[in-house]
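Take a look at the structure below.
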Amino acid sequence: MSPLTRVARNRAVGLLGAMAAVVATWTVAAPAAQADDMRSRQWYLDAMKADELWKVATGKGVTVAVLDSGVDSTLSELRGRVLPGRNFSDAGEGPGRVDDKDRDRHGTNMALAIAGSGAGGGVKGIAPDATILPVKTGDFVIDGWGSMYKGIRYAVDNGARVINISSGGAADDAEKPNWLAAVEYAQKKGVLIFAASGNDGSESRSYPAAVPGVVAVGALDTKGKVAKFSDHGSHLALAAPGVDMPGRCTDDKTKYCAFEGTSHATAIASGTAALIWSAHPDWTGNQVLRVMMETAGHNGPVPSKYIGYGSVRPAQVLLEGKGNPGDPDVNPLLAAQKAGTSPTTPQTSPSPENTGASGSDQAKDKDQAARPEEGGFPLWAIAAGAVAVVAVIGLVVAAGVRRRASTDA
């Protein structure tokens, strides 16, 4: 794994994959028409039955801290949703939401995926009424891990119930006690931490995703299968959509680009927690996480090193009433990791929600659809079609233009 997994780099997805980001880029010229166009591109909202979910809960009353590159609260989709926050980066500490200084756009896009309002024809988040607490932690290669530790404590002390960390990297032995202390502090306060697993497609362990108790999130493609780039391992807890995810382009915030990575998957998982928590404000973080794990969609044995306990399925909780919140004081992920079982009881044979692989057949699980909702993820097509794709490829290659296909972890 590279030292920084949430990097401002092109991900090697091949020529066609890189061109997909170009074809899926559009300008905000006609808000009314753009609204319909954007909604059709947010394929994962349909897969997760978002319109029905929002009749039950919208994330209102839940604060999600975004520990990242900053959040641009001036965007139409984020107005009124972003708290002042804190800056632990940029060679100094200070208050402020660092408006319009998120040059990387990464933190802004995570906030959009979580709580975007869709205003002005823009991105709508999975928990559109959640509140975002921006905590700028910057590039840990430059700023060091210290900004992240401080950011976690700041988020906990300032009302965040969910912390989204769509970044990570390798940590040496000297750093591991600091990670354990920061995560333990959040856990004692009942705060959930979701972190990206990484984009190398390997079993590399990224921090903080590898810290016990942190909800490590992998990415799914538009068919509900494990994305090829998604890092995996026994520490993986959940999976969520992470391919063809719309967000503000890095080089022009008036345009939208398609991104992929476990960064967006983590934001969707964090937003899902906020959504469930807003419907059950009396639950503890342990209970919210437990129902997320119990209702996660999967084909094959759990836990899986590719999708953990499965893909997030808030409809199972909010529309179907499934999932037992259980003991408010027991962290289900820590308990399951210690026991090596499901969050409730060991699963010894396939059930209707656990089909496609026999008891110990972990190898096949990578090729099984994760099924976030019944029927799996619908695949949305780029309107230009194959001919247009070829044409764009020709133009781009001729001009030597390179577009970033992913800024995600």
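By convention in this document, the chains of the structure tokens carry letters A, B, ... by their order, each chain's residues are numbered from 1, and ligands are numbered from 1 in the order they are shown.
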
Write out, as CSV, each residue of stretch 234-292 of chain A that has an atom at most 7 Å from stretch 182-206 of chain A, together with the closest pair of atoms and their distance in Å to one decimal, counting only C-alpha atoms, rows going by chain and rising number.
```
residue,atom,partner,partner_atom,distance
A:Gly261,CA,A:Asn199,CA,6.2
A:Thr262,CA,A:Ala196,CA,5.3
A:Ser263,CA,A:Ala196,CA,5.5
A:Thr266,CA,A:Ala196,CA,5.5
A:Ser270,CA,A:Phe194,CA,6.2
A:Thr284,CA,A:Gly190,CA,6.5
A:Gly285,CA,A:Gly190,CA,5.3
```

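On the backbone of this structure, DSSP gives strand (DSSP E or B) within stretch 177-239 of chain A to Leu192, Ile193, Phe194, Ala195, Ala196, Tyr207, Val215, Ala216, Val217, Gly218, Ala219, Leu220, Val226, Leu236, Ala237, Leu238 and Ala239 of chain A.
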
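For the set A:Gln287, A:Asn164, A:Ser147, A:Ser278, the residue with the smallest atom-to-atom gap to A:Asn87 is A:Ser147, counting only C-alpha atoms.
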
Worksheet item: Between atom CA of A:Arg79 and atom CA of A:Asp102, what is the distance, to one decimal in Å?
Response: 15.4 Å

Discussion item. As number ranges by chain, please: the residues near stretch 317-320 of chain A (cut-off 12 Å, only C-alpha atoms, same-chain neighbours under 5 positions excluded).
Written reply: A: 48-58, 272-273, 275-280, 287-297, 312, 325, 373

Item to complete: Name the residues in contact with A:Lys305 at a cut-off of 8 Å, using only C-alpha atoms, excluding same-chain residues fewer than 5 positions from it; report them as a ChimeraX atom specification.
Response: /A:232-236,362

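If you look at atom CA of A:Ile307 and atom CA of A:Lys176, they are 24.4 Å away from each other.
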
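When DSSP reads the backbone of this structure, the residues of stretch 199-280 of chain A it assigns to helix (DSSP H, G or I) are A:Thr262, A:Ser263, A:His264, A:Ala265, A:Thr266, A:Ala267, A:Ile268, A:Ala269, A:Ser270, A:Gly271, A:Thr272, A:Ala273, A:Ala274, A:Leu275, A:Ile276, A:Trp277, A:Ser278, A:Ala279.
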
Discussion item. Env of A:Gly242: 8 Å cut, atoms = only C-alpha atoms, seq-sep filter 2 positions within chain, self excluded. Answer as number ranges by chain.
Written reply: A: 219-221, 227, 240, 244-245, 259-265

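Among the candidate residues A:Gly151, A:Pro303, A:Pro208, A:Gly247, the one lying nearest to A:Ala170 is A:Pro208, with distances computed using only C-alpha atoms.
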
Worksheet item: Which distance in Å separates atom CA of A:Ala181 and atom CA of A:Gly61, to one decimal?
Response: 27.5 Å

Discussion item. Excluding A:Arg105 and its own-chain neighbours fewer than 2 positions away, which residues fall within 10 Å of it when counting only C-alpha atoms? Please give them as a ChimeraX atom specification.
Written reply: /A:8,68-72,100-103,107-111,247-253,407

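Counting only C-alpha atoms and comparing A:Gly168, A:Pro281, A:Pro246, A:Trp179, the residue that lies closest to A:Lys60 is A:Pro281.
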